[in-house]
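Participant: Sending over protein-v9.cif (mmCIF, C-alpha atoms).
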data_target
#
loop_
_atom_site.label_atom_id
_atom_site.label_comp_id
_atom_site.auth_asym_id
_atom_site.auth_seq_id
_atom_site.Cartn_x
_atom_site.Cartn_y
_atom_site.Cartn_z
CA MET U 1 -12.03 -11.56 -32.99
CA ARG U 2 -11.27 -15.13 -31.93
CA VAL U 3 -9.64 -16.04 -28.61
CA GLY U 4 -6.20 -16.39 -30.26
CA GLU U 5 -6.25 -12.80 -31.48
CA LEU U 6 -7.64 -11.61 -28.14
CA SER U 7 -4.61 -13.27 -26.53
CA ARG U 8 -2.16 -11.56 -28.91
CA ARG U 9 -3.84 -8.16 -28.56
CA SER U 10 -3.99 -8.25 -24.75
CA GLY U 11 -0.76 -10.12 -24.06
CA VAL U 12 -2.70 -12.59 -21.89
CA SER U 13 -2.34 -16.33 -22.61
CA VAL U 14 -5.34 -18.29 -23.91
CA ALA U 15 -5.23 -20.45 -20.77
CA SER U 16 -5.47 -17.35 -18.56
CA ILE U 17 -8.30 -15.94 -20.68
CA LYS U 18 -10.26 -19.18 -20.24
CA TYR U 19 -9.60 -19.07 -16.50
CA TYR U 20 -10.83 -15.47 -16.26
CA LEU U 21 -13.95 -16.41 -18.26
CA ARG U 22 -14.69 -19.27 -15.84
CA GLU U 23 -14.07 -17.02 -12.84
CA GLY U 24 -16.38 -14.31 -14.16
CA LEU U 25 -13.64 -11.67 -14.50
CA LEU U 26 -14.26 -11.43 -18.23
CA PRO U 27 -17.76 -11.42 -19.80
CA PRO U 28 -18.35 -14.23 -22.30
CA GLY U 29 -17.85 -13.49 -25.98
CA GLU U 30 -20.62 -13.77 -28.54
CA ARG U 31 -21.12 -17.43 -29.34
CA THR U 32 -20.54 -18.02 -33.09
CA SER U 33 -20.51 -21.83 -33.07
CA PRO U 34 -20.68 -24.48 -30.33
CA ASN U 35 -16.91 -24.22 -29.85
CA GLN U 36 -16.16 -20.62 -30.78
CA ALA U 37 -16.92 -17.17 -29.55
CA ALA U 38 -16.18 -13.71 -30.89
CA TYR U 39 -14.57 -11.04 -28.71
CA ASP U 40 -14.35 -7.28 -29.17
CA GLU U 41 -12.37 -4.22 -28.06
CA GLY U 42 -14.21 -4.24 -24.71
CA HIS U 43 -12.67 -7.64 -23.97
CA VAL U 44 -9.16 -6.41 -24.81
CA ARG U 45 -9.64 -3.44 -22.49
CA ARG U 46 -11.10 -5.53 -19.68
CA LEU U 47 -8.25 -8.05 -19.89
CA ARG U 48 -5.67 -5.28 -19.58
CA MET U 49 -7.50 -3.99 -16.53
CA VAL U 50 -7.69 -7.45 -14.95
CA ARG U 51 -3.93 -7.88 -15.39
CA ALA U 52 -3.24 -4.41 -14.02
CA LEU U 53 -5.32 -5.08 -10.89
CA ILE U 54 -3.80 -8.52 -10.30
CA ASP U 55 -0.17 -8.05 -11.43
CA VAL U 56 0.48 -4.41 -10.54
CA GLY U 57 -2.16 -3.76 -7.87
CA GLY U 58 -1.62 -7.10 -6.13
CA LEU U 59 -5.35 -7.88 -5.86
CA SER U 60 -6.56 -11.47 -5.55
CA VAL U 61 -8.81 -12.95 -8.23
CA ALA U 62 -11.76 -12.72 -5.82
CA ALA U 63 -11.08 -9.05 -4.99
CA THR U 64 -10.70 -8.30 -8.70
CA ARG U 65 -14.11 -9.87 -9.38
CA ASP U 66 -15.70 -7.74 -6.62
CA VAL U 67 -14.13 -4.57 -7.96
CA LEU U 68 -15.23 -5.27 -11.52
CA ALA U 69 -18.79 -5.93 -10.33
CA ALA U 70 -18.84 -2.36 -8.97
CA VAL U 71 -17.56 -1.07 -12.32
CA ASP U 72 -20.21 -3.00 -14.24
CA ASP U 73 -23.31 -2.23 -12.20
CA PRO U 74 -24.93 0.86 -13.76
CA ASP U 75 -27.82 0.91 -11.27
CA VAL U 76 -26.02 2.38 -8.29
CA PRO U 77 -25.41 6.11 -7.95
CA LEU U 78 -21.90 7.22 -8.86
CA HIS U 79 -20.89 8.25 -5.34
CA GLU U 80 -22.02 4.88 -4.00
CA ALA U 81 -20.21 3.01 -6.79
CA LEU U 82 -17.01 4.82 -5.86
CA GLY U 83 -17.55 3.84 -2.25
CA ARG U 84 -18.07 0.20 -3.18
CA ALA U 85 -15.03 0.13 -5.42
CA GLN U 86 -13.05 1.66 -2.59
CA ALA U 87 -14.31 -0.75 0.03
CA THR U 88 -13.41 -3.80 -2.02
CA THR U 89 -9.86 -2.52 -2.40
CA THR U 90 -9.35 -1.94 1.33
CA PRO U 91 -7.69 -4.89 3.03
CA PRO U 92 -10.00 -6.01 5.82
CA LEU U 93 -8.23 -5.50 9.09
CA THR U 94 -9.84 -6.22 12.41
CA SER U 95 -8.10 -6.89 15.64
CA GLU U 96 -8.79 -9.49 18.26
CA ASP U 97 -7.61 -6.96 20.82
CA ASP U 98 -10.36 -4.63 21.98
CA ASP U 99 -8.07 -2.84 24.35
CA GLU U 100 -7.15 0.64 25.52
CA ALA U 101 -4.70 1.08 22.62
CA ARG U 102 -7.54 0.54 20.18
CA ALA U 103 -9.94 2.85 22.04
CA GLY U 104 -7.29 5.58 22.13
CA ALA U 105 -6.57 5.16 18.42
CA ASP U 106 -10.27 5.37 17.62
CA ARG U 107 -10.56 8.63 19.57
CA ALA U 108 -7.49 10.06 17.81
CA LEU U 109 -8.95 9.27 14.39
CA ALA U 110 -12.38 10.67 15.35
CA ASP U 111 -10.69 13.88 16.53
CA LEU U 112 -8.78 14.15 13.27
CA VAL U 113 -11.87 13.58 11.12
CA ARG U 114 -13.81 16.21 13.10
CA GLU U 115 -10.97 18.75 12.93
CA ARG U 116 -10.58 18.31 9.18
CA GLY U 117 -14.36 18.41 8.64
CA TRP U 118 -14.31 15.11 6.78
CA HIS U 119 -17.70 13.57 6.10
CA VAL U 120 -17.04 9.84 6.21
CA ALA U 121 -19.28 6.92 7.09
CA PRO U 122 -18.17 5.04 10.20
CA HIS U 123 -18.63 1.76 8.29
CA ASN U 124 -15.97 2.71 5.75
CA PRO U 125 -13.55 -0.23 6.23
CA ALA U 126 -10.63 2.18 5.95
CA TRP U 127 -11.62 3.54 9.37
CA ASN U 128 -10.88 0.22 11.08
CA THR U 129 -7.67 -0.17 9.12
CA ALA U 130 -6.39 3.25 10.20
CA VAL U 131 -7.37 2.60 13.83
CA GLU U 132 -5.59 -0.76 13.80
CA VAL U 133 -2.34 0.77 12.50
CA LEU U 134 -2.46 3.56 15.11
CA ALA U 135 -3.19 1.05 17.88
CA THR U 136 -0.27 -1.09 16.71
CA TYR U 137 2.09 1.91 16.81
CA HIS U 138 0.99 2.51 20.40
CA ARG U 139 1.40 -1.15 21.41
CA LEU U 140 4.92 -1.12 19.95
CA GLY U 141 5.80 2.09 21.79
CA ASP U 142 6.08 3.94 18.45
CA ASP U 143 3.94 6.91 19.42
CA ASP U 144 6.25 9.26 17.51
CA LEU U 145 4.99 7.54 14.35
CA ALA U 146 1.36 7.99 15.44
CA ARG U 147 2.04 11.72 15.76
CA GLN U 148 2.47 11.86 11.96
CA LEU U 149 -1.29 11.25 11.63
CA GLY U 150 -2.22 14.88 10.99
CA LEU U 151 0.53 15.27 8.40
CA TYR U 152 -0.55 12.06 6.64
CA ALA U 153 -4.18 13.16 6.60
CA GLU U 154 -3.33 16.55 5.13
CA ALA U 155 -1.17 14.95 2.42
CA MET U 156 -3.88 12.43 1.55
CA GLU U 157 -6.61 15.09 1.42
CA ASP U 158 -4.55 17.10 -1.10
CA VAL U 159 -4.04 13.95 -3.16
CA ALA U 160 -7.67 12.80 -2.92
CA ARG U 161 -9.15 16.16 -3.90
CA ARG U 162 -7.18 16.25 -7.14
CA GLU U 163 -7.73 12.55 -7.87
CA VAL U 164 -11.49 12.71 -7.45
CA ALA U 165 -11.69 15.87 -9.57
CA ALA U 166 -9.62 14.19 -12.32
CA VAL U 167 -11.76 11.06 -12.63
CA VAL U 168 -15.04 12.99 -12.37
CA ASP U 169 -13.80 15.11 -15.26
CA ARG U 170 -14.01 12.03 -17.46
CA GLY U 171 -17.74 12.66 -17.65
CA ASP U 172 -18.69 9.11 -18.57
CA ARG U 173 -19.83 7.00 -15.60
CA ALA U 174 -18.11 3.75 -16.61
CA ARG U 175 -14.82 5.55 -17.32
CA THR U 176 -15.06 7.41 -14.00
CA VAL U 177 -15.60 4.26 -11.95
CA GLU U 178 -12.83 2.54 -13.87
CA GLY U 179 -10.55 5.48 -13.05
CA VAL U 180 -11.38 5.20 -9.37
CA VAL U 181 -10.65 1.49 -9.34
CA VAL U 182 -7.39 1.71 -11.25
CA GLY U 183 -6.34 4.92 -9.52
CA THR U 184 -7.10 3.62 -6.04
CA VAL U 185 -5.46 0.21 -6.40
CA LEU U 186 -2.44 1.23 -8.48
CA GLY U 187 -2.19 4.61 -6.75
CA ASP U 188 -1.44 2.84 -3.46
CA THR U 189 1.50 1.11 -5.14
CA LEU U 190 2.70 4.32 -6.81
CA LEU U 191 2.46 6.37 -3.60
CA ALA U 192 4.32 3.67 -1.65
CA ALA U 193 7.09 3.59 -4.28
CA LEU U 194 7.45 7.39 -4.36
CA ARG U 195 7.48 7.47 -0.56
CA ARG U 196 10.47 5.08 -0.59
CA LEU U 197 12.33 7.15 -3.17
CA ALA U 198 11.65 10.31 -1.14
CA GLN U 199 12.73 8.54 2.05
CA GLU U 200 15.99 7.50 0.42
CA HIS U 201 16.63 11.09 -0.63
CA CYS U 202 15.75 12.56 2.79
CA SER U 203 17.69 9.85 4.61
CA ALA U 204 20.78 10.56 2.47
CA GLN U 205 20.42 14.27 3.23
CA LEU U 206 20.11 13.71 6.96
CA LEU U 207 22.50 10.81 7.45
CA GLY U 208 24.51 10.01 4.35
CA ARG U 209 26.91 12.90 4.51
CA ALA U 210 27.47 12.59 8.26
CA GLU U 211 28.34 8.90 7.93
CA HIS U 212 30.38 9.12 4.75
CA PRO U 213 32.27 12.42 4.94
CA LYS U 214 33.90 13.41 1.66
CA PRO U 215 37.70 13.03 1.71
CA VAL U 216 39.32 16.48 1.80
CA MET I 1 10.26 -16.07 31.63
CA ARG I 2 9.09 -19.41 30.24
CA VAL I 3 7.40 -19.77 26.85
CA GLY I 4 3.91 -19.84 28.46
CA GLU I 5 4.41 -16.44 30.05
CA LEU I 6 5.96 -15.11 26.83
CA SER I 7 2.77 -16.22 25.08
CA ARG I 8 0.52 -14.47 27.64
CA ARG I 9 2.61 -11.29 27.61
CA SER I 10 2.77 -11.03 23.81
CA GLY I 11 -0.67 -12.40 22.95
CA VAL I 12 0.98 -14.87 20.54
CA SER I 13 0.16 -18.58 20.87
CA VAL I 14 2.88 -21.01 21.98
CA ALA I 15 2.54 -22.83 18.64
CA SER I 16 3.18 -19.59 16.73
CA ILE I 17 6.13 -18.73 18.97
CA LYS I 18 7.68 -22.12 18.22
CA TYR I 19 7.08 -21.58 14.51
CA TYR I 20 8.74 -18.14 14.62
CA LEU I 21 11.71 -19.65 16.51
CA ARG I 22 12.12 -22.33 13.81
CA GLU I 23 11.81 -19.73 11.03
CA GLY I 24 14.42 -17.47 12.63
CA LEU I 25 12.02 -14.57 13.23
CA LEU I 26 12.63 -14.78 16.97
CA PRO I 27 16.08 -15.36 18.50
CA PRO I 28 16.31 -18.45 20.73
CA GLY I 29 15.87 -18.01 24.47
CA GLU I 30 18.56 -18.89 26.98
CA ARG I 31 18.60 -22.64 27.41
CA THR I 32 17.90 -23.52 31.08
CA SER I 33 17.40 -27.28 30.66
CA PRO I 34 17.29 -29.66 27.67
CA ASN I 35 13.59 -28.88 27.23
CA GLN I 36 13.28 -25.34 28.52
CA ALA I 37 14.47 -21.87 27.64
CA ALA I 38 14.15 -18.50 29.31
CA TYR I 39 12.90 -15.45 27.42
CA ASP I 40 13.14 -11.76 28.24
CA GLU I 41 11.56 -8.40 27.45
CA GLY I 42 13.41 -8.31 24.13
CA HIS I 43 11.46 -11.39 23.06
CA VAL I 44 8.13 -9.82 24.03
CA ARG I 45 8.97 -6.74 22.01
CA ARG I 46 10.21 -8.71 19.01
CA LEU I 47 7.06 -10.86 18.97
CA ARG I 48 4.84 -7.77 18.95
CA MET I 49 6.84 -6.43 16.04
CA VAL I 50 6.61 -9.73 14.13
CA ARG I 51 2.83 -9.72 14.52
CA ALA I 52 2.58 -6.07 13.51
CA LEU I 53 4.57 -6.68 10.32
CA ILE I 54 2.64 -9.84 9.39
CA ASP I 55 -0.91 -9.03 10.58
CA VAL I 56 -1.09 -5.27 10.07
CA GLY I 57 1.62 -4.71 7.46
CA GLY I 58 0.68 -7.76 5.41
CA LEU I 59 4.29 -8.99 5.04
CA SER I 60 5.07 -12.64 4.37
CA VAL I 61 7.10 -14.63 6.90
CA ALA I 62 10.08 -14.54 4.49
CA ALA I 63 9.85 -10.75 4.03
CA THR I 64 9.55 -10.32 7.79
CA ARG I 65 12.73 -12.35 8.30
CA ASP I 66 14.59 -10.19 5.76
CA VAL I 67 13.41 -6.98 7.40
CA LEU I 68 14.39 -8.16 10.88
CA ALA I 69 17.85 -9.15 9.61
CA ALA I 70 18.37 -5.51 8.60
CA VAL I 71 17.22 -4.39 12.06
CA ASP I 72 19.59 -6.82 13.78
CA ASP I 73 22.80 -6.27 11.81
CA PRO I 74 24.78 -3.57 13.65
CA ASP I 75 27.65 -3.65 11.14
CA VAL I 76 26.04 -1.72 8.33
CA PRO I 77 25.94 2.09 8.35
CA LEU I 78 22.61 3.56 9.40
CA HIS I 79 21.76 5.02 6.00
CA GLU I 80 22.44 1.68 4.34
CA ALA I 81 20.40 -0.19 6.95
CA LEU I 82 17.46 2.09 6.23
CA GLY I 83 17.89 1.38 2.51
CA ARG I 84 17.93 -2.36 3.10
CA ALA I 85 14.88 -2.25 5.34
CA GLN I 86 13.14 -0.20 2.67
CA ALA I 87 14.07 -2.51 -0.17
CA THR I 88 12.77 -5.60 1.57
CA THR I 89 9.41 -3.95 2.10
CA THR I 90 9.01 -2.96 -1.55
CA PRO I 91 7.01 -5.51 -3.53
CA PRO I 92 9.23 -6.62 -6.41
CA LEU I 93 7.55 -5.61 -9.63
CA THR I 94 9.08 -6.20 -13.00
CA SER I 95 7.29 -6.31 -16.27
CA GLU I 96 7.65 -8.73 -19.15
CA ASP I 97 6.79 -5.84 -21.43
CA ASP I 98 9.82 -3.79 -22.39
CA ASP I 99 7.80 -1.51 -24.55
CA GLU I 100 7.33 2.16 -25.38
CA ALA I 101 4.92 2.61 -22.44
CA ARG I 102 7.66 1.50 -20.09
CA ALA I 103 10.34 3.65 -21.73
CA GLY I 104 8.05 6.71 -21.54
CA ALA I 105 7.26 6.03 -17.89
CA ASP I 106 10.96 5.69 -17.09
CA ARG I 107 11.66 9.08 -18.72
CA ALA I 108 8.77 10.69 -16.81
CA LEU I 109 10.11 9.41 -13.50
CA ALA I 110 13.70 10.46 -14.34
CA ASP I 111 12.42 13.97 -15.19
CA LEU I 112 10.54 14.15 -11.92
CA VAL I 113 13.51 12.99 -9.84
CA ARG I 114 15.79 15.54 -11.56
CA GLU I 115 13.27 18.39 -11.14
CA ARG I 116 12.82 17.66 -7.44
CA GLY I 117 16.57 17.22 -6.91
CA TRP I 118 16.11 13.80 -5.37
CA HIS I 119 19.29 11.78 -4.87
CA VAL I 120 18.17 8.19 -5.34
CA ALA I 121 20.04 5.11 -6.50
CA PRO I 122 18.71 3.67 -9.77
CA HIS I 123 18.76 0.21 -8.18
CA ASN I 124 16.21 1.23 -5.55
CA PRO I 125 13.45 -1.32 -6.30
CA ALA I 126 10.85 1.41 -5.78
CA TRP I 127 12.03 2.93 -9.06
CA ASN I 128 10.88 -0.09 -11.08
CA THR I 129 7.65 -0.26 -9.13
CA ALA I 130 6.79 3.38 -9.87
CA VAL I 131 7.71 2.96 -13.55
CA GLU I 132 5.53 -0.13 -13.84
CA VAL I 133 2.49 1.67 -12.40
CA LEU I 134 2.95 4.64 -14.72
CA ALA I 135 3.39 2.33 -17.73
CA THR I 136 0.22 0.47 -16.74
CA TYR I 137 -1.75 3.74 -16.54
CA HIS I 138 -0.56 4.51 -20.05
CA ARG I 139 -1.42 1.05 -21.42
CA LEU I 140 -4.93 1.38 -19.94
CA GLY I 141 -5.37 4.85 -21.44
CA ASP I 142 -5.45 6.38 -17.94
CA ASP I 143 -2.95 9.14 -18.64
CA ASP I 144 -4.96 11.56 -16.52
CA LEU I 145 -3.93 9.42 -13.54
CA ALA I 146 -0.27 9.51 -14.60
CA ARG I 147 -0.48 13.31 -14.56
CA GLN I 148 -0.91 13.16 -10.76
CA LEU I 149 2.73 12.05 -10.50
CA GLY I 150 4.10 15.46 -9.53
CA LEU I 151 1.40 15.94 -6.90
CA TYR I 152 2.06 12.48 -5.48
CA ALA I 153 5.81 13.11 -5.34
CA GLU I 154 5.38 16.42 -3.54
CA ALA I 155 3.03 14.86 -0.97
CA MET I 156 5.40 11.94 -0.38
CA GLU I 157 8.43 14.21 -0.01
CA ASP I 158 6.62 16.22 2.70
CA VAL I 159 5.72 12.98 4.45
CA ALA I 160 9.18 11.40 4.08
CA ARG I 161 11.06 14.45 5.37
CA ARG I 162 9.09 14.46 8.63
CA GLU I 163 9.18 10.68 8.99
CA VAL I 164 12.94 10.43 8.56
CA ALA I 165 13.51 13.32 10.98
CA ALA I 166 11.23 11.66 13.56
CA VAL I 167 12.97 8.27 13.54
CA VAL I 168 16.46 9.80 13.45
CA ASP I 169 15.47 11.78 16.55
CA ARG I 170 15.29 8.51 18.44
CA GLY I 171 19.08 8.63 18.69
CA ASP I 172 19.57 4.92 19.26
CA ARG I 173 20.44 2.97 16.07
CA ALA I 174 18.32 -0.10 16.81
CA ARG I 175 15.29 2.03 17.71
CA THR I 176 15.78 4.13 14.56
CA VAL I 177 15.93 1.15 12.21
CA GLU I 178 12.95 -0.39 13.99
CA GLY I 179 11.08 2.88 13.48
CA VAL I 180 11.88 2.84 9.77
CA VAL I 181 10.69 -0.73 9.38
CA VAL I 182 7.48 -0.29 11.33
CA GLY I 183 6.84 3.18 9.93
CA THR I 184 7.45 2.14 6.34
CA VAL I 185 5.40 -1.06 6.37
CA LEU I 186 2.53 0.11 8.55
CA GLY I 187 2.70 3.63 7.16
CA ASP I 188 1.75 2.30 3.71
CA THR I 189 -1.37 0.80 5.23
CA LEU I 190 -2.18 3.96 7.21
CA LEU I 191 -1.68 6.25 4.21
CA ALA I 192 -3.85 4.00 2.03
CA ALA I 193 -6.62 4.02 4.64
CA LEU I 194 -6.51 7.81 5.09
CA ARG I 195 -6.51 8.26 1.32
CA ARG I 196 -9.75 6.26 1.12
CA LEU I 197 -11.37 8.29 3.90
CA ALA I 198 -10.29 11.52 2.19
CA GLN I 199 -11.56 10.21 -1.15
CA GLU I 200 -14.94 9.43 0.40
CA HIS I 201 -15.13 12.96 1.78
CA CYS I 202 -14.05 14.61 -1.49
CA SER I 203 -16.31 12.36 -3.55
CA ALA I 204 -19.30 13.26 -1.32
CA GLN I 205 -18.48 16.94 -1.72
CA LEU I 206 -18.20 16.72 -5.50
CA LEU I 207 -20.94 14.19 -6.26
CA GLY I 208 -23.04 13.35 -3.23
CA ARG I 209 -25.02 16.54 -3.05
CA ALA I 210 -25.59 16.71 -6.80
CA GLU I 211 -26.94 13.17 -6.84
CA HIS I 212 -28.96 13.35 -3.63
CA PRO I 213 -30.36 16.90 -3.48
CA LYS I 214 -31.77 17.79 -0.09
CA PRO I 215 -35.58 17.93 -0.03
CA VAL I 216 -36.71 21.57 0.21
#
Written as structure tokens, how would this file's structure read?
Facilitator:
Amino acid sequence: MRVGELSRRSGVSVASIKYYLREGLLPPGERTSPNQAAYDEGHVRRLRMVRALIDVGGLSVAATRDVLAAVDDPDVPLHEALGRAQATTTPPLTSEDDDEARAGADRALADLVRERGWHVAPHNPAWNTAVEVLATYHRLGDDDLARQLGLYAEAMEDVARREVAAVVDRGDRARTVEGVVVGTVLGDTLLAALRRLAQEHCSAQLLGRAEHPKPV
Amino acid sequence: MRVGELSRRSGVSVASIKYYLREGLLPPGERTSPNQAAYDEGHVRRLRMVRALIDVGGLSVAATRDVLAAVDDPDVPLHEALGRAQATTTPPLTSEDDDEARAGADRALADLVRERGWHVAPHNPAWNTAVEVLATYHRLGDDDLARQLGLYAEAMEDVARREVAAVVDRGDRARTVEGVVVGTVLGDTLLAALRRLAQEHCSAQLLGRAEHPKPV
């Protein structure tokens, strides 16, 4: 199909398609004349994924390019591809403060990982991110929030076990990696939204009735 | 204390402090001369919170100002203040596509909320966000990811119940709202990081050994 039809099929403007082609987010079409190229169903699918990662997942164009490179490289083992896709979707977070709060947070996370028997590489960027949040709680005097760590870890292990099993079930390597990318990036957004809905419900249960007693 | 000491105590540069004062993220100090103001422990604490929300939570300066306004307004009931703080930390997400995918996602979420007995207002912005993610899964053909919705909701309800109870336990209204803000914004980051660590562990369990058999 020509670029105009690709635009209609994917809902992405021709200008955006040309931008994504220049930025390497979309592979070039098959050249049919000096000024025209032909696109196929793979391009439609890829464009939808690009828009999902950028619009719904909130990724930058650069992060989207990194993630798609992990999807497209068939030469790395599946487990490593998942790790790469994961790493590119973790916001880099490093502190200037190498203080006692940070050291304590690092010990707390190491204890948790050992207790749960998690096998994780220390260079997983999510490690630093988790440590930085825990250290920030401590610096703010919010240690009651840091005490939710075990609960959070248990909830995320339940979620992760089922997620990984679901995408592995797809069988096909490309579809599995794609599932990890979409599921990881958009799953963050979905979990955050459900957490807010659940918080509203629990907050209404705990506080709403006490503050707004029904007239009798 | 003078602005120089405030900077040392909080680890925030004088230039940034002046910027936050101009942007209304930090209340003015007590004027002691035409060119000098005195700051107190409240300013140190507020600055640490501003940096936590911006640097660790990834909020914009505008979103940080909105969140702090909810913390500072003592005239709204506690449950409503929590709702406001929540809403400002939810990325606004609305789709141009008002299609069947979106209608189906909206029904799926309504079913879930009814089944779980959640009392949530339809104008909670998290509702639209969750619907948009589910609709995107469907448009991408990733319905196996959408089927994790019930699991996600259960995990988030467990988390939310304990979180709300913990911050309410603080007793003091200002400390409670502060706990909600910090816990909601930074908690997203912490949950996302733990999910990635758990995914690495589960992925290694499911795939790592099969792909890298131990030499015998």
Participant: Could you tell me which of U:Val133, U:Val177, U:Val12, U:Leu26 comes closest to I:Leu53 if we count only C-alpha atoms?
Facilitator: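 Among U:Val133, U:Val177, U:Val12, U:Leu26, it is U:Val133 that comes nearest to I:Leu53.
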Participant: Select all residues from chain U having any atom no more than 7 Å from an atom of chain I (counting all atoms listed in the file, ignoring ligands), output as a PyMOL selection string.
Facilitator: chain U and resi 48-49+52+56+79+83+86+118-120+126-127+129-130+133+136+140+144-145+151-153+155-157+159-161+164+166+183+186+188+190-204+207-208
Participant: For atom CA of I:His138 and atom CA of I:Arg107, quote the distance in Å rounded to one decimal.
Facilitator: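 Spanning atom CA of I:His138 to atom CA of I:Arg107 is a straight-line distance of 13.1 Å.
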Participant: Just to confirm, what's the straight-line distance from atom CA of U:Ala37 to atom CA of U:Arg2 in Å (one decimal)?
Facilitator: 6.5 Å
Participant: Can you spell out as a list in words the set of residues that the PyMOL selection byres ((chain I and resi 30) around 12) selects in the structure I just provided?
Facilitator: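 Against this file, the PyMOL selection byres ((chain I and resi 30) around 12) returns the residues Met1, Arg2, Val3, Pro27, Pro28, Gly29, Arg31, Thr32, Ser33, Pro34, Asn35, Gln36, Ala37, Ala38, Tyr39, Asp40 and His43 of chain I.
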Participant: What is the atom CA of U:Leu25-atom CA of U:Asp73 distance in Å, reported with one decimal?
Facilitator: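 Separation of atom CA of U:Leu25 and atom CA of U:Asp73: 13.7 Å.
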Participant: Nearest residue to I:Val50 out of I:Val181, I:Asp106, I:Asp75, I:Ala135, using all atoms listed in the file?
Facilitator: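 Going through I:Val181, I:Asp106, I:Asp75, I:Ala135 one by one, the smallest distance to I:Val50 is for I:Val181.
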